[in-house]
Every structure is written in C-alpha cells, then in structure tokens.
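**Student:** One structure, pasted below without further comment.
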Amino acid sequence: MLTPYEIAGLIVTALDSKKAQDIKLLKTRDVTVLADYFVICTATSTTQIKTLSDELEKAMKDHGETPLRREGYRSGGWVLIDFGCVVAHLFLKDIREFYALEHLWGDAQETDISEFITE
C-alpha cells in the first residue's frame, strides 16, 4: 500500500516523463478533506493532455492504484483524475490561469518535487 506522498510522487514522475510543464505539488491535507495532495500541471495541447492522462493512469495502474474518477477527458482542455488521497489536475495554460487553483488553495503548502523530476 502506497502512502499519499508516494502516490503524489508517482504522479509527478509520470507527468514529467511526458513533458508536462510547471508541475506543482500542493499538500492540501491541512486545508481540505478532499485530498492529501493536489498535483497541478500545464500541457501545451489537448493531445498532450490526453497523453499525460493516459500515461498517468498507466503508471498508477502498474503500481496497483486505479482512479476513483476522471473528469473532463472528453472536453480536452482540463482533466481531473482522482486517486482518493491525491487529485491530479491537467490543464491547458489559459484554463489553468482561469481556475487559478494555486491561488484558490493558497493556504496549501507547496511541496518540493525535485526528487521526482529527471533532468
């Protein structure tokens, strides 16, 4: 059984492997009951959002984690994938700026992701 932090790390790694941009990991455990972590990233196109989503779900399935739900996949500009303790948000840049989750959840602690990112 993976910890929420380990799940978040796997998500960050999967997104980074497919060149997601501006990946943020917010520790939301102390500010909401929705999830322990939010992972937020930007994609350059709807095609990349689908690629990121597919890679993320494959990577998590390989570790025995399946999403509880997925929203927005058909619309293409934003996808939410809920793994219970960690929720991944994949956005096109303008949609990410519109929703401004980092500001909405401004009380959440941003967590360093350098250990999950390959250079």
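Labels for the structure tokens follow display order: chains A, B, ..., residues from 1 in each chain, ligands from 1.
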Give me the residues near Glu55 in chain A as a PDB file with all heavy atoms, in the first residue's frame, where near means some atom within 9 Å (using only C-alpha atoms) and where sequence neighbours in that chain fewer than 6 positions away do not count.
**Tutor:**
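selection-v2.pdb written:
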ATOM      1  N   ALA A  14       5.301  10.537 -13.580  1.00  0.00           N
ATOM      2  CA  ALA A  14       4.615  10.183 -14.830  1.00  0.00           C
ATOM      3  C   ALA A  14       4.367  11.424 -15.677  1.00  0.00           C
ATOM      4  O   ALA A  14       4.591  11.409 -16.896  1.00  0.00           O
ATOM      5  CB  ALA A  14       3.294   9.474 -14.528  1.00  0.00           C
ATOM      6  N   LEU A  15       3.932  12.509 -15.057  1.00  0.00           N
ATOM      7  CA  LEU A  15       3.675  13.744 -15.804  1.00  0.00           C
ATOM      8  C   LEU A  15       4.968  14.317 -16.372  1.00  0.00           C
ATOM      9  O   LEU A  15       5.015  14.760 -17.518  1.00  0.00           O
ATOM     10  CB  LEU A  15       2.965  14.766 -14.905  1.00  0.00           C
ATOM     11  CG  LEU A  15       1.570  14.379 -14.431  1.00  0.00           C
ATOM     12  CD1 LEU A  15       1.059  15.395 -13.414  1.00  0.00           C
ATOM     13  CD2 LEU A  15       0.609  14.245 -15.600  1.00  0.00           C
ATOM     14  N   SER A  17       7.604  12.670 -17.185  1.00  0.00           N
ATOM     15  CA  SER A  17       8.119  11.801 -18.256  1.00  0.00           C
ATOM     16  C   SER A  17       7.517  12.133 -19.613  1.00  0.00           C
ATOM     17  O   SER A  17       8.105  11.823 -20.641  1.00  0.00           O
ATOM     18  CB  SER A  17       7.863  10.333 -17.914  1.00  0.00           C
ATOM     19  OG  SER A  17       6.502   9.976 -18.122  1.00  0.00           O
ATOM     20  N   LYS A  18       6.347  12.774 -19.616  1.00  0.00           N
ATOM     21  CA  LYS A  18       5.681  13.167 -20.868  1.00  0.00           C
ATOM     22  C   LYS A  18       5.707  14.686 -21.057  1.00  0.00           C
ATOM     23  O   LYS A  18       4.913  15.258 -21.776  1.00  0.00           O
ATOM     24  CB  LYS A  18       4.251  12.646 -20.906  1.00  0.00           C
ATOM     25  CG  LYS A  18       4.172  11.127 -20.975  1.00  0.00           C
ATOM     26  CD  LYS A  18       4.805  10.616 -22.258  1.00  0.00           C
ATOM     27  CE  LYS A  18       4.738   9.104 -22.338  1.00  0.00           C
ATOM     28  NZ  LYS A  18       5.435   8.587 -23.503  1.00  0.00           N
TER      29      LYS A  18
END
**Student:** Env of Arg96 in chain A: 10 Å cut, atoms = only C-alpha atoms, seq-sep filter 5 positions within chain, self excluded. Answer as a list in words.
**Tutor:**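 Skipping anything fewer than 5 positions along the chain leaves Ile40, Cys41, Thr42, Ala43, Gly77, Trp78, His89, Leu90, Phe91, Leu101 and Glu102 of chain A.
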**Student:** Tell me which protein, DNA and RNA residues are within 9 Å of range 65-73 of chain A, counting only C-alpha atoms, leaving out same-chain ones fewer than 5 positions away, and put them as an MDAnalysis selection string.
**Tutor:** chainID A and resid 2 7 49:50 53 57:60 78:84
**Student:** Counting only C-alpha atoms, which residue out of A:Leu52, A:Gln21, A:His63, A:Thr13 sits closest to Met1 in chain A?
**Tutor:**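 Ranking A:Leu52, A:Gln21, A:His63, A:Thr13 by distance to Met1 in chain A, first place goes to A:His63.
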**Student:** I need the residues in chain A that are helix (DSSP H, G or I) according to DSSP; give them as number ranges by chain.
**Tutor:** A: 4-17, 46-62, 93-99, 101-104, 114-116
**Student:** Using backbone DSSP assignments, extract all strand (DSSP E) residues from range 23-88 of chain A; output them as a PyMOL selection string.
**Tutor:** chain A and resi 23-27+37-43+69-71+78-82+86-88
**Student:** With a distance cut-off of 6 Å and only C-alpha atoms, select the neighbouring residues of range 110-119 of chain A, excluding the residue or stretch itself and same-chain residues fewer than 6 positions from it, and output the selection as a count of residues only.
**Tutor:** 4
**Student:** Using Å and a single decimal, report how far CA of Tyr5 in chain A sits from CA of Leu34 in chain A.
**Tutor:**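 Between CA of Leu34 in chain A and CA of Tyr5 in chain A the gap is 15.0 Å.
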**Student:** From the set A:Ser75, A:Lys27, A:Leu56, A:Gly64, which residue has the shortest atom-to-atom contact distance to Gln109 in chain A, counting only C-alpha atoms?
**Tutor:**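 The closest residue to Gln109 in chain A is A:Lys27.
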**Student:** From the options A:Glu97, A:Val86, A:Thr46, A:Val12, which residue's atoms come nearest to Arg74 in chain A, counting only C-alpha atoms?
**Tutor:**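 Using only C-alpha atoms, Arg74 in chain A sits closest to A:Thr46.
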**Student:** Record the distance separating CA of Val39 in chain A and CA of Ala100 in chain A, expressed in Å with one decimal.
**Tutor:**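 So the answer is 13.0 Å.
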**Student:** Would you work out the distance separating CA of Thr47 in chain A from CA of Ile11 in chain A, expressed in Å to one decimal?
**Tutor:** 18.5 Å
